[in-house]
Amino acid sequence: MAATWLNDAVFYEIYPQSFFDTNGDGIGDIPGMTAKLDYVKSLGCNALWINPCFDSPFKDAGYDVRDYKKVAPRYGTNEDLVHFFEEAHKRGIRVLLDLVPCHTSEEHPWFRESSKEEPNEYSDRFIWTNSCWEHPEDIPFVGGEAPRDGCYILSFFKCQPALNFGFGTPKAPWQQQAGSAHTLETREAIWDVMRFWLEKGCDGFRVDMAGALVKNDTPDRAYTQEVYKDFRQRLDAQFPEAALVAEWNTPEQALNCGFDMDFYLSWAGNGYSHLMRNYPVIGQEGPEGGDSSYFKADTDADPLPFLAEYLPTYLKTRGKGLWCFITCNHDTVRPRFNLSPEELKLAYSLIFTMPGAPFLYYGDEIGMRYRKLPNKEGGFNRTGSRSPMQWTNGENLGFSQGKAEDLYLPVDPAPGAPTVEAQESDPDSLLNYTRRLIALRHSQPELQARSPFLPYFAEPGNRLLAYKRGTLLCAVNPGREALTLNLDGKYRLLFSQGDAALTDDTLTLRGFAVLAPL
Ligand code: GLC
Ligand code: CA
């Protein structure tokens, strides 16, 4: 059962600590997200994904959860979050929370109990070897830290011990078979967290590291899939409109086991990074030349490496769920790092007219910069994409009334740093262009999530990409030279950016255009 509301969903991702601070402590908070719901609505976004906002020591920005059922005090209270759900729903906005099922914080009470020498109810909630001298092969682990005589395996950073969902093929006595008794207890514990927040009014979850639940799984992750099939059955019975989006980037697997959506993530060398982020080094001052991203105006890249990856996977998974484009996320270098606002307009044109449900990362609508910032809360090179939202031209760019030195991260000090305030009044701003694109998508059912996609024109060495969405024809040419496309029928211009000239049987384009049949 897929949540029906997804067909016209446009998501906005909020990194709560950097969105809007209402009490002057320098950290964004839940009342701040509530205060900005009208802004989210003004973008045309009707769904949200909120990065983890739960109690945590914040060694990985909240992906190290200490209490799944408690909002982190720095963000507010559970009541604030429930109020936020209500206010979002009043505006027709759904809210996905971030579910982190693969690991907890090392400070979670389950892990504290599991670390004790005396066996107890939580001894098997995490994955331990049988002695501190027994070291797992090929899996990162920690030994000698706990009273318990064993090593525990890690899921991500050292602060994130792996929850025990078992092994596909156990290879040592301490490795439990996925689906055996203790692994089912872990599953119940995570379901209990999901039910807790769904009953309080959230609309589903983005699931962190979704494909990594079961260790040494089969190549198609059959045992991990089995867990989500079970969750999906329970959701269908109790919360049929709840939606799940996976951080998996393998839609053949994620959409097969009950996820409504999977992300198309920017992985080095993949089709999506060919479009947006095809430069050699990340985390430096700027791409030092060598940027051959398709959406760079001055490259000669054609769209074929993107299509060669996208199309087969799209064809295999269409009808099963949504494979979703993102402008960026909290782990990825912001697209403004290498693309100018004019180039971003064309990149977003594609993102908001493709199948799936698009995800807009906060601040990308104004082209916030990626900045080289010192590591904050385990962000490392990701920190530069997590800086405070730039609302106004005033103090702290409107993010907080606190002191500049108390802010979670410094706001962008660049003169003329983009802000919502400055772009609101400029009809040609990236902000207003993004709004027009999202409005176009809402107004055209054929541009929405499940409407069919078919490439119409792509050729080696040619900058132009054209594709059909239903009967609509979308075309993008990110290069500087106008190019001509032969048309298969009579069309009218429905939407355009840049120069688009239509004759009876050709479109000459530099920029982006959507044509509707006459
Ligand atoms: C995911 C999150 C990332 C986090 C990691 C560990 O990749 O997006 O921010 O650090 O999982 O939970
Ligand atoms: Ca605050």
# chains A, B, ... in the order shown; residues from 1 in each chain; ligands from 1

call {"tool": "closest_atom_pairs", "arguments": {"of": "chain A", "to": "ligand 2", "cutoff": "9 Å", "atoms": "only C-alpha atoms and all ligand atoms", "output": "Markdown table"}}
result
| residue | atom | partner | partner_atom_place_in_ligand_line | distance |
| --- | --- | --- | --- | --- |
| A:Gln17 | CA | ligand 2 | 1 (Ca) | 7.8 |
| A:Phe20 | CA | ligand 2 | 1 (Ca) | 7.5 |
| A:Asp21 | CA | ligand 2 | 1 (Ca) | 4.2 |
| A:Thr22 | CA | ligand 2 | 1 (Ca) | 5.3 |
| A:Asn23 | CA | ligand 2 | 1 (Ca) | 4.8 |
| A:Gly24 | CA | ligand 2 | 1 (Ca) | 5.7 |
| A:Asp25 | CA | ligand 2 | 1 (Ca) | 4.8 |
| A:Gly26 | CA | ligand 2 | 1 (Ca) | 5.7 |
| A:Ile27 | CA | ligand 2 | 1 (Ca) | 4.2 |
| A:Gly28 | CA | ligand 2 | 1 (Ca) | 4.7 |
| A:Asp29 | CA | ligand 2 | 1 (Ca) | 4.8 |
| A:Ile30 | CA | ligand 2 | 1 (Ca) | 8.1 |
| A:Pro31 | CA | ligand 2 | 1 (Ca) | 8.4 |
| A:Gly32 | CA | ligand 2 | 1 (Ca) | 7.6 |
| A:Arg74 | CA | ligand 2 | 1 (Ca) | 6.4 |
| A:Tyr75 | CA | ligand 2 | 1 (Ca) | 6.3 |
| A:Gly76 | CA | ligand 2 | 1 (Ca) | 8.1 |
| A:Ser400 | CA | ligand 2 | 1 (Ca) | 7.9 |
| A:Gly402 | CA | ligand 2 | 1 (Ca) | 8.9 |

call {"tool": "write_last_selection", "arguments": {"atoms": "C-alpha atoms", "output": "JSON list (two decimals), in the first residue's frame"}}
result
[["chain", "number", "residue", "atom", "x", "y", "z"],
["A", 17, "GLN", "CA", 19.72, 22.95, 14.65],
["A", 20, "PHE", "CA", 15.42, 29.03, 13.07],
["A", 21, "ASP", "CA", 16.24, 29.80, 16.70],
["A", 22, "THR", "CA", 13.40, 31.26, 18.77],
["A", 23, "ASN", "CA", 14.97, 31.48, 22.24],
["A", 24, "GLY", "CA", 18.31, 33.07, 21.46],
["A", 25, "ASP", "CA", 20.50, 30.14, 22.52],
["A", 26, "GLY", "CA", 22.00, 30.00, 19.03],
["A", 27, "ILE", "CA", 20.47, 26.63, 18.13],
["A", 28, "GLY", "CA", 17.49, 26.15, 15.88],
["A", 29, "ASP", "CA", 14.48, 24.63, 17.60],
["A", 30, "ILE", "CA", 11.05, 23.12, 17.10],
["A", 31, "PRO", "CA", 9.11, 26.34, 17.83],
["A", 32, "GLY", "CA", 11.35, 27.82, 15.14],
["A", 74, "ARG", "CA", 17.86, 21.92, 23.04],
["A", 75, "TYR", "CA", 15.06, 21.68, 20.45],
["A", 76, "GLY", "CA", 12.11, 21.75, 22.85],
["A", 400, "SER", "CA", 18.90, 33.88, 15.86],
["A", 402, "GLY", "CA", 21.60, 35.25, 20.26]]

call {"tool": "residues_around", "arguments": {"residues": "A:Gln225", "least_positions_apart": "3", "cutoff": "6 Å", "atoms": "only C-alpha atoms", "output": "compact mmCIF listing (two decimals) with N, CA and C atoms, in the first residue's frame"}}
result
# COMPACT_ATOMS: atom_id res chain seq x y z
N ALA A 222 18.31 -9.86 1.43
CA ALA A 222 17.02 -10.52 1.65
C ALA A 222 16.58 -10.45 3.12
N TYR A 228 11.74 -5.06 6.80
CA TYR A 228 10.88 -3.97 6.33
C TYR A 228 9.54 -4.48 5.81
N CYS A 257 10.62 -4.01 -0.70
CA CYS A 257 10.31 -4.54 0.64
C CYS A 257 9.43 -3.59 1.44

call {"tool": "atom_distance", "arguments": {"atom1": "atom CA of A:Pro170", "atom2": "atom CA of A:Val100"}}
result
23.6 Å

call {"tool": "residues_near_ligand", "arguments": {"ligand": "ligand 1", "cutoff": "9 Å", "atoms": "only C-alpha atoms and all ligand atoms", "output": "list in words"}}
result
Asn51, Asp60, Ala61, Gly62, Tyr63, Asp64, Val100, Pro101, Cys102, His103, Thr104, Ser155, Phe156, Phe157, Gln160, Val207, Asp208, Met209, Ala210, Glu247, Asn329, His330, Asp331, Gly378, Gly379 and Arg382 of chain A

call {"tool": "closest_residue", "arguments": {"among": "A:Ala254, A:Phe84, A:Val193, A:Ser293", "to": "A:Lys70", "atoms": "only C-alpha atoms"}}
result
A:Val193

call {"tool": "closest_residue", "arguments": {"among": "A:Phe167, A:Phe141, A:Tyr152, A:Phe196", "to": "A:Tyr68", "atoms": "only C-alpha atoms"}}
result
A:Phe196

call {"tool": "closest_residue", "arguments": {"among": "A:Val227, A:Val82, A:Leu493, A:Ala513", "to": "A:Leu97", "atoms": "only C-alpha atoms"}}
result
A:Val82

call {"tool": "closest_atom_pairs", "arguments": {"of": "stretch 191-222 of chain A", "to": "stretch 239-245 of chain A", "cutoff": "6 Å", "atoms": "only C-alpha atoms", "output": "CSV"}}
result
residue,atom,partner,partner_atom,distance
A:Asp203,CA,A:Ala242,CA,5.0
A:Gly204,CA,A:Ala243,CA,4.6
A:Phe205,CA,A:Leu244,CA,5.0
A:Arg206,CA,A:Val245,CA,4.7

call {"tool": "residues_around", "arguments": {"residues": "A:Asn432", "least_positions_apart": "6", "cutoff": "9 Å", "atoms": "only C-alpha atoms", "output": "list of chain:residue names"}}
result
A:Leu43, A:Glu365, A:Ile366, A:Gln423, A:Glu424, A:Ser425, A:Asp426

call {"tool": "write_last_selection", "arguments": {"atoms": "all heavy atoms", "output": "PDB file, in the first residue's frame"}}
result
ATOM      1  N   LEU A  43       6.742  28.034  -0.399  1.00  0.00           N
ATOM      2  CA  LEU A  43       7.594  27.437  -1.432  1.00  0.00           C
ATOM      3  C   LEU A  43       6.801  26.479  -2.310  1.00  0.00           C
ATOM      4  O   LEU A  43       7.235  26.134  -3.413  1.00  0.00           O
ATOM      5  CB  LEU A  43       8.748  26.647  -0.783  1.00  0.00           C
ATOM      6  CG  LEU A  43       9.734  27.434   0.060  1.00  0.00           C
ATOM      7  CD1 LEU A  43      10.692  26.483   0.775  1.00  0.00           C
ATOM      8  CD2 LEU A  43      10.530  28.402  -0.823  1.00  0.00           C
ATOM      9  N   GLU A 365      17.097  26.640  -1.914  1.00  0.00           N
ATOM     10  CA  GLU A 365      16.180  27.471  -2.707  1.00  0.00           C
ATOM     11  C   GLU A 365      16.710  28.899  -2.860  1.00  0.00           C
ATOM     12  O   GLU A 365      16.251  29.634  -3.741  1.00  0.00           O
ATOM     13  CB  GLU A 365      14.763  27.466  -2.097  1.00  0.00           C
ATOM     14  CG  GLU A 365      14.596  28.203  -0.758  1.00  0.00           C
ATOM     15  CD  GLU A 365      14.960  27.351   0.454  1.00  0.00           C
ATOM     16  OE1 GLU A 365      15.762  26.427   0.315  1.00  0.00           O
ATOM     17  OE2 GLU A 365      14.425  27.651   1.547  1.00  0.00           O
ATOM     18  N   ILE A 366      17.651  29.301  -1.981  1.00  0.00           N
ATOM     19  CA  ILE A 366      18.270  30.618  -2.170  1.00  0.00           C
ATOM     20  C   ILE A 366      19.725  30.480  -2.616  1.00  0.00           C
ATOM     21  O   ILE A 366      20.448  31.473  -2.735  1.00  0.00           O
ATOM     22  CB  ILE A 366      18.166  31.507  -0.902  1.00  0.00           C
ATOM     23  CG1 ILE A 366      18.742  30.791   0.323  1.00  0.00           C
ATOM     24  CG2 ILE A 366      16.715  31.930  -0.650  1.00  0.00           C
ATOM     25  CD1 ILE A 366      18.878  31.694   1.556  1.00  0.00           C
ATOM     26  N   GLN A 423      15.794  37.907  -1.723  1.00  0.00           N
ATOM     27  CA  GLN A 423      15.302  37.247  -2.938  1.00  0.00           C
ATOM     28  C   GLN A 423      13.788  37.327  -3.102  1.00  0.00           C
ATOM     29  O   GLN A 423      13.281  37.179  -4.213  1.00  0.00           O
ATOM     30  CB  GLN A 423      15.770  35.782  -2.968  1.00  0.00           C
ATOM     31  CG  GLN A 423      17.286  35.693  -3.115  1.00  0.00           C
ATOM     32  CD  GLN A 423      17.780  34.306  -3.510  1.00  0.00           C
ATOM     33  OE1 GLN A 423      17.021  33.450  -3.960  1.00  0.00           O
ATOM     34  NE2 GLN A 423      19.072  34.104  -3.350  1.00  0.00           N
ATOM     35  N   GLU A 424      13.082  37.536  -1.981  1.00  0.00           N
ATOM     36  CA  GLU A 424      11.614  37.624  -2.058  1.00  0.00           C
ATOM     37  C   GLU A 424      11.167  38.627  -3.110  1.00  0.00           C
ATOM     38  O   GLU A 424      10.241  38.382  -3.878  1.00  0.00           O
ATOM     39  CB  GLU A 424      11.023  38.090  -0.715  1.00  0.00           C
ATOM     40  CG  GLU A 424      10.923  37.042   0.361  1.00  0.00           C
ATOM     41  CD  GLU A 424       9.801  36.038   0.148  1.00  0.00           C
ATOM     42  OE1 GLU A 424       9.095  36.105  -0.872  1.00  0.00           O
ATOM     43  OE2 GLU A 424       9.666  35.147   1.012  1.00  0.00           O
ATOM     44  N   SER A 425      11.846  39.804  -3.100  1.00  0.00           N
ATOM     45  CA  SER A 425      11.350  40.907  -3.914  1.00  0.00           C
ATOM     46  C   SER A 425      11.909  40.880  -5.339  1.00  0.00           C
ATOM     47  O   SER A 425      11.561  41.727  -6.152  1.00  0.00           O
ATOM     48  CB  SER A 425      11.720  42.221  -3.236  1.00  0.00           C
ATOM     49  OG  SER A 425      13.109  42.200  -2.953  1.00  0.00           O
ATOM     50  N   ASP A 426      12.792  39.923  -5.628  1.00  0.00           N
ATOM     51  CA  ASP A 426      13.381  39.863  -6.963  1.00  0.00           C
ATOM     52  C   ASP A 426      12.699  38.748  -7.757  1.00  0.00           C
ATOM     53  O   ASP A 426      12.877  37.570  -7.467  1.00  0.00           O
ATOM     54  CB  ASP A 426      14.886  39.581  -6.825  1.00  0.00           C
ATOM     55  CG  ASP A 426      15.554  39.331  -8.168  1.00  0.00           C
ATOM     56  OD1 ASP A 426      14.874  39.426  -9.213  1.00  0.00           O
ATOM     57  OD2 ASP A 426      16.759  39.020  -8.153  1.00  0.00           O
TER      58      ASP A 426
END

call {"tool": "residues_around", "arguments": {"residues": "A:Thr508", "least_positions_apart": "4", "cutoff": "7 Å", "atoms": "only C-alpha atoms", "output": "list in words"}}
result
Ala482, Leu483, Thr484, Leu485, Ala500, Ala501 and Leu502 of chain A

call {"tool": "select_by_dssp", "arguments": {"residues": "stretch 47-272 of chain A", "states": "strand (DSSP E or B)", "output": "PyMOL selection string"}}
result
chain A and resi 47-50+54-55+67-71+94-99+103+126+128+141-143+151-154+161-163+167+177+204-207+215+243-246+261-263

call {"tool": "atom_distance", "arguments": {"atom1": "atom CA of A:Pro109", "atom2": "atom CA of A:Glu188"}}
result
16.5 Å

call {"tool": "closest_residue", "arguments": {"among": "A:Asn375, A:Thr317, A:Thr419, A:Thr383", "to": "A:Leu397", "atoms": "only C-alpha atoms"}}
result
A:Thr419

call {"tool": "atom_distance", "arguments": {"atom1": "atom CA of A:Lys116", "atom2": "atom CA of A:Gly166"}}
result
20.4 Å

call {"tool": "select_by_dssp", "arguments": {"residues": "stretch 311-421 of chain A", "states": "helix (DSSP H, G or I)", "output": "compact mmCIF listing (two decimals) with all heavy atoms, in the first residue's frame"}}
result
# COMPACT_ATOMS: atom_id res chain seq x y z
N LEU A 311 17.90 5.26 -16.34
CA LEU A 311 16.79 4.66 -17.08
C LEU A 311 16.56 3.18 -16.73
O LEU A 311 15.41 2.80 -16.44
CB LEU A 311 17.00 4.86 -18.59
CG LEU A 311 15.79 4.52 -19.45
CD1 LEU A 311 14.57 5.35 -19.06
CD2 LEU A 311 16.12 4.73 -20.93
N PRO A 312 17.59 2.32 -16.75
CA PRO A 312 17.32 0.91 -16.44
C PRO A 312 16.71 0.73 -15.05
O PRO A 312 15.79 -0.08 -14.87
CB PRO A 312 18.70 0.25 -16.51
CG PRO A 312 19.59 1.21 -17.19
CD PRO A 312 18.99 2.57 -17.08
N THR A 313 17.21 1.49 -14.09
CA THR A 313 16.68 1.34 -12.72
C THR A 313 15.26 1.88 -12.64
O THR A 313 14.38 1.29 -12.00
CB THR A 313 17.62 2.05 -11.73
OG1 THR A 313 18.93 1.53 -11.93
CG2 THR A 313 17.20 1.79 -10.30
N TYR A 314 15.04 3.01 -13.31
CA TYR A 314 13.67 3.56 -13.34
C TYR A 314 12.71 2.54 -13.95
O TYR A 314 11.62 2.28 -13.42
CB TYR A 314 13.65 4.87 -14.14
CG TYR A 314 12.25 5.31 -14.51
CD1 TYR A 314 11.41 5.85 -13.55
CD2 TYR A 314 11.76 5.12 -15.80
CE1 TYR A 314 10.10 6.22 -13.87
CE2 TYR A 314 10.46 5.49 -16.13
CZ TYR A 314 9.64 6.03 -15.16
OH TYR A 314 8.35 6.36 -15.48
N LEU A 315 13.12 1.94 -15.07
CA LEU A 315 12.21 1.00 -15.75
C LEU A 315 11.95 -0.24 -14.89
O LEU A 315 10.85 -0.76 -14.86
CB LEU A 315 12.79 0.59 -17.11
CG LEU A 315 12.81 1.72 -18.15
CD1 LEU A 315 13.52 1.27 -19.43
CD2 LEU A 315 11.40 2.23 -18.47
N LYS A 316 12.98 -0.66 -14.16
CA LYS A 316 12.80 -1.84 -13.30
C LYS A 316 11.89 -1.55 -12.11
O LYS A 316 11.26 -2.45 -11.58
CB LYS A 316 14.16 -2.30 -12.76
CG LYS A 316 14.76 -3.46 -13.54
CD LYS A 316 16.02 -3.97 -12.84
CE LYS A 316 17.23 -3.28 -13.40
NZ LYS A 316 18.46 -3.42 -12.62
N THR A 317 11.88 -0.32 -11.64
CA THR A 317 11.19 -0.05 -10.36
C THR A 317 9.93 0.78 -10.51
O THR A 317 9.21 0.96 -9.55
CB THR A 317 12.13 0.70 -9.39
OG1 THR A 317 12.59 1.91 -10.02
CG2 THR A 317 13.33 -0.16 -9.04
N PRO A 335 24.96 22.25 -3.77
CA PRO A 335 25.17 22.41 -5.21
C PRO A 335 25.68 23.80 -5.59
O PRO A 335 26.28 23.98 -6.63
CB PRO A 335 23.79 22.13 -5.81
CG PRO A 335 22.82 22.36 -4.70
CD PRO A 335 23.55 22.01 -3.43
N ARG A 336 25.49 24.79 -4.70
CA ARG A 336 25.98 26.14 -4.99
C ARG A 336 27.51 26.18 -4.95
O ARG A 336 28.13 27.15 -5.41
CB ARG A 336 25.36 27.13 -4.00
CG ARG A 336 25.79 28.57 -4.14
CD ARG A 336 25.26 29.20 -5.42
NE ARG A 336 25.73 30.57 -5.58
CZ ARG A 336 26.89 30.90 -6.15
NH1 ARG A 336 27.71 29.97 -6.61
NH2 ARG A 336 27.23 32.17 -6.27
N PHE A 337 28.14 25.12 -4.40
CA PHE A 337 29.60 25.02 -4.36
C PHE A 337 30.18 25.19 -5.77
O PHE A 337 31.14 25.91 -5.98
CB PHE A 337 29.99 23.66 -3.79
CG PHE A 337 31.47 23.44 -3.58
CD1 PHE A 337 32.21 24.31 -2.80
CD2 PHE A 337 32.09 22.33 -4.12
CE1 PHE A 337 33.56 24.09 -2.57
CE2 PHE A 337 33.45 22.10 -3.90
CZ PHE A 337 34.18 22.97 -3.12
N PRO A 341 23.90 30.52 -9.56
CA PRO A 341 22.44 30.53 -9.45
C PRO A 341 21.74 30.23 -10.79
O PRO A 341 20.73 29.53 -10.82
CB PRO A 341 22.14 31.96 -8.96
CG PRO A 341 23.36 32.33 -8.18
CD PRO A 341 24.52 31.69 -8.90
N GLU A 342 22.30 30.74 -11.89
CA GLU A 342 21.66 30.47 -13.19
C GLU A 342 21.78 28.98 -13.54
O GLU A 342 20.84 28.38 -14.09
CB GLU A 342 22.28 31.34 -14.29
CG GLU A 342 21.89 32.82 -14.16
CD GLU A 342 20.38 33.05 -13.99
OE1 GLU A 342 19.61 32.57 -14.85
OE2 GLU A 342 19.99 33.70 -12.99
N GLU A 343 22.92 28.38 -13.22
CA GLU A 343 23.08 26.94 -13.47
C GLU A 343 22.17 26.12 -12.55
O GLU A 343 21.59 25.10 -12.96
CB GLU A 343 24.55 26.54 -13.28
CG GLU A 343 25.45 27.09 -14.39
CD GLU A 343 26.95 27.02 -14.09
OE1 GLU A 343 27.34 26.94 -12.90
OE2 GLU A 343 27.74 27.09 -15.05
N LEU A 344 22.03 26.61 -11.31
CA LEU A 344 21.13 25.90 -10.38
C LEU A 344 19.70 25.90 -10.89
O LEU A 344 18.97 24.92 -10.72
CB LEU A 344 21.18 26.56 -8.99
CG LEU A 344 22.42 26.27 -8.16
CD1 LEU A 344 22.38 27.07 -6.86
CD2 LEU A 344 22.56 24.79 -7.86
N LYS A 345 19.29 27.01 -11.50
CA LYS A 345 17.91 27.06 -12.01
C LYS A 345 17.66 25.90 -12.97
O LYS A 345 16.61 25.26 -12.95
CB LYS A 345 17.64 28.39 -12.72
CG LYS A 345 17.47 29.55 -11.75
CD LYS A 345 17.19 30.83 -12.52
CE LYS A 345 17.09 32.01 -11.57
NZ LYS A 345 17.00 33.30 -12.30
N LEU A 346 18.64 25.62 -13.83
CA LEU A 346 18.44 24.54 -14.80
C LEU A 346 18.51 23.17 -14.12
O LEU A 346 17.74 22.26 -14.44
CB LEU A 346 19.46 24.65 -15.93
CG LEU A 346 19.38 25.96 -16.72
CD1 LEU A 346 20.30 25.90 -17.94
CD2 LEU A 346 17.95 26.27 -17.17
N ALA A 347 19.43 23.04 -13.16
CA ALA A 347 19.52 21.76 -12.43
C ALA A 347 18.19 21.49 -11.70
O ALA A 347 17.64 20.39 -11.76
CB ALA A 347 20.68 21.80 -11.45
N TYR A 348 17.66 22.52 -11.04
CA TYR A 348 16.39 22.33 -10.32
C TYR A 348 15.25 22.07 -11.31
O TYR A 348 14.29 21.37 -10.99
CB TYR A 348 16.04 23.55 -9.46
CG TYR A 348 17.00 23.84 -8.31
CD1 TYR A 348 16.84 24.98 -7.53
CD2 TYR A 348 18.05 22.99 -8.00
CE1 TYR A 348 17.69 25.28 -6.47
CE2 TYR A 348 18.92 23.28 -6.94
CZ TYR A 348 18.74 24.42 -6.19
OH TYR A 348 19.59 24.72 -5.15
N SER A 349 15.35 22.64 -12.49
CA SER A 349 14.30 22.41 -13.50
C SER A 349 14.15 20.92 -13.75
O SER A 349 13.04 20.39 -13.82
CB SER A 349 14.65 23.11 -14.81
OG SER A 349 14.73 24.50 -14.61
N LEU A 350 15.29 20.24 -13.89
CA LEU A 350 15.22 18.79 -14.08
C LEU A 350 14.70 18.12 -12.81
O LEU A 350 13.76 17.32 -12.86
CB LEU A 350 16.61 18.25 -14.45
CG LEU A 350 16.64 16.73 -14.60
CD1 LEU A 350 17.01 16.34 -16.02
CD2 LEU A 350 17.60 16.08 -13.63
N ILE A 351 15.29 18.46 -11.67
CA ILE A 351 14.93 17.79 -10.41
C ILE A 351 13.43 17.87 -10.14
O ILE A 351 12.81 16.90 -9.70
CB ILE A 351 15.75 18.39 -9.24
CG1 ILE A 351 17.21 17.95 -9.37
CG2 ILE A 351 15.18 18.01 -7.88
CD1 ILE A 351 18.18 18.62 -8.40
N PHE A 380 32.42 16.93 10.10
CA PHE A 380 33.64 16.97 9.27
C PHE A 380 33.35 17.73 7.97
O PHE A 380 32.81 18.82 8.04
CB PHE A 380 34.20 15.55 9.09
CG PHE A 380 34.58 14.97 10.43
CD1 PHE A 380 33.72 14.13 11.13
CD2 PHE A 380 35.77 15.33 11.04
CE1 PHE A 380 34.04 13.66 12.39
CE2 PHE A 380 36.11 14.86 12.32
CZ PHE A 380 35.23 14.02 12.99
N ASN A 381 33.65 17.16 6.82
CA ASN A 381 33.46 17.98 5.61
C ASN A 381 31.98 18.24 5.31
O ASN A 381 31.66 19.04 4.44
CB ASN A 381 34.15 17.34 4.39
CG ASN A 381 33.46 16.08 3.95
OD1 ASN A 381 32.96 15.32 4.78
ND2 ASN A 381 33.39 15.84 2.66
N ARG A 382 31.08 17.57 6.03
CA ARG A 382 29.64 17.81 5.83
C ARG A 382 29.20 19.10 6.52
O ARG A 382 28.13 19.63 6.24
CB ARG A 382 28.84 16.62 6.37
CG ARG A 382 29.29 15.28 5.80
CD ARG A 382 28.55 14.10 6.42
NE ARG A 382 28.87 13.91 7.83
CZ ARG A 382 28.38 12.92 8.58
NH1 ARG A 382 27.55 12.03 8.05
NH2 ARG A 382 28.69 12.80 9.86
N THR A 383 30.02 19.57 7.48
CA THR A 383 29.64 20.75 8.27
C THR A 383 29.33 21.95 7.37
O THR A 383 28.41 22.73 7.66
CB THR A 383 30.77 21.09 9.27
OG1 THR A 383 31.10 19.90 10.01
CG2 THR A 383 30.37 22.19 10.23
N GLY A 384 30.08 22.08 6.29
CA GLY A 384 29.90 23.23 5.40
C GLY A 384 28.54 23.31 4.73
O GLY A 384 28.16 24.35 4.19
N SER A 385 27.78 22.21 4.77
CA SER A 385 26.42 22.22 4.21
C SER A 385 25.37 22.36 5.29
O SER A 385 24.18 22.20 5.02
CB SER A 385 26.16 20.92 3.43
OG SER A 385 27.00 20.83 2.30
N GLU A 395 20.77 41.07 11.70
CA GLU A 395 21.74 40.40 12.57
C GLU A 395 21.62 38.88 12.48
O GLU A 395 20.51 38.33 12.45
CB GLU A 395 21.45 40.82 14.01
CG GLU A 395 22.66 40.74 14.90
CD GLU A 395 22.27 41.12 16.32
OE1 GLU A 395 21.31 41.92 16.48
OE2 GLU A 395 22.90 40.61 17.25
N ASN A 396 22.76 38.20 12.44
CA ASN A 396 22.80 36.73 12.29
C ASN A 396 21.94 36.27 11.10
O ASN A 396 21.43 35.16 11.10
CB ASN A 396 22.35 36.02 13.56
CG ASN A 396 23.24 36.32 14.74
OD1 ASN A 396 24.44 36.55 14.58
ND2 ASN A 396 22.67 36.37 15.94
N LEU A 397 21.80 37.12 10.15
CA LEU A 397 20.97 36.85 8.95
C LEU A 397 19.59 36.32 9.34
O LEU A 397 18.99 35.51 8.64
CB LEU A 397 21.69 35.90 8.00
CG LEU A 397 23.06 36.39 7.48
CD1 LEU A 397 23.64 35.41 6.47
CD2 LEU A 397 22.96 37.78 6.85
N GLY A 398 19.11 36.82 10.50
CA GLY A 398 17.74 36.50 10.92
C GLY A 398 17.59 35.11 11.50
O GLY A 398 16.48 34.69 11.84
N ALA A 404 26.52 36.28 18.22
CA ALA A 404 27.11 35.61 17.07
C ALA A 404 28.01 34.44 17.50
O ALA A 404 28.02 33.38 16.89
CB ALA A 404 27.90 36.60 16.22
N GLU A 405 28.75 34.64 18.62
CA GLU A 405 29.69 33.59 19.03
C GLU A 405 28.99 32.37 19.63
O GLU A 405 29.61 31.32 19.82
CB GLU A 405 30.77 34.13 19.99
CG GLU A 405 30.25 34.67 21.31
CD GLU A 405 29.94 36.18 21.27
OE1 GLU A 405 29.62 36.70 20.17
OE2 GLU A 405 30.02 36.82 22.32
N ASP A 406 27.70 32.49 19.93
CA ASP A 406 26.96 31.34 20.48
C ASP A 406 26.25 30.51 19.41
O ASP A 406 25.62 29.51 19.72
CB ASP A 406 25.88 31.82 21.47
CG ASP A 406 26.50 32.41 22.73
OD1 ASP A 406 27.69 32.14 22.98
OD2 ASP A 406 25.79 33.16 23.43
N VAL A 420 16.57 35.01 2.18
CA VAL A 420 15.18 34.95 1.74
C VAL A 420 14.68 36.37 1.51
O VAL A 420 14.06 36.67 0.48
CB VAL A 420 14.32 34.22 2.79
CG1 VAL A 420 12.84 34.30 2.43
CG2 VAL A 420 14.77 32.77 2.92
N GLU A 421 14.99 37.26 2.46
CA GLU A 421 14.49 38.63 2.37
C GLU A 421 14.90 39.29 1.05
O GLU A 421 14.07 39.89 0.36
CB GLU A 421 15.03 39.46 3.54
CG GLU A 421 14.51 40.88 3.55
CD GLU A 421 15.05 41.72 4.72
OE1 GLU A 421 15.97 41.28 5.44
OE2 GLU A 421 14.53 42.83 4.90

call {"tool": "residues_around", "arguments": {"residues": "A:Glu134", "least_positions_apart": "3", "cutoff": "9 Å", "atoms": "only C-alpha atoms", "output": "list in words"}}
result
Thr129, Asn130, Ser131, Gly143, Gly150 and Cys151 of chain A

call {"tool": "residues_around", "arguments": {"residues": "A:Val411", "least_positions_apart": "2", "cutoff": "9 Å", "atoms": "only C-alpha atoms", "output": "VMD selection string"}}
result
chain A and resid 387 to 390 396 to 397 399 404 407 409 413

call {"tool": "closest_residue", "arguments": {"among": "A:Tyr456, A:Tyr15, A:Phe111, A:Tyr122", "to": "A:Cys53", "atoms": "only C-alpha atoms"}}
result
A:Tyr15

call {"tool": "closest_residue", "arguments": {"among": "A:Ser114, A:Thr503, A:Gln175, A:Ser451", "to": "A:Leu472", "atoms": "only C-alpha atoms"}}
result
A:Ser451
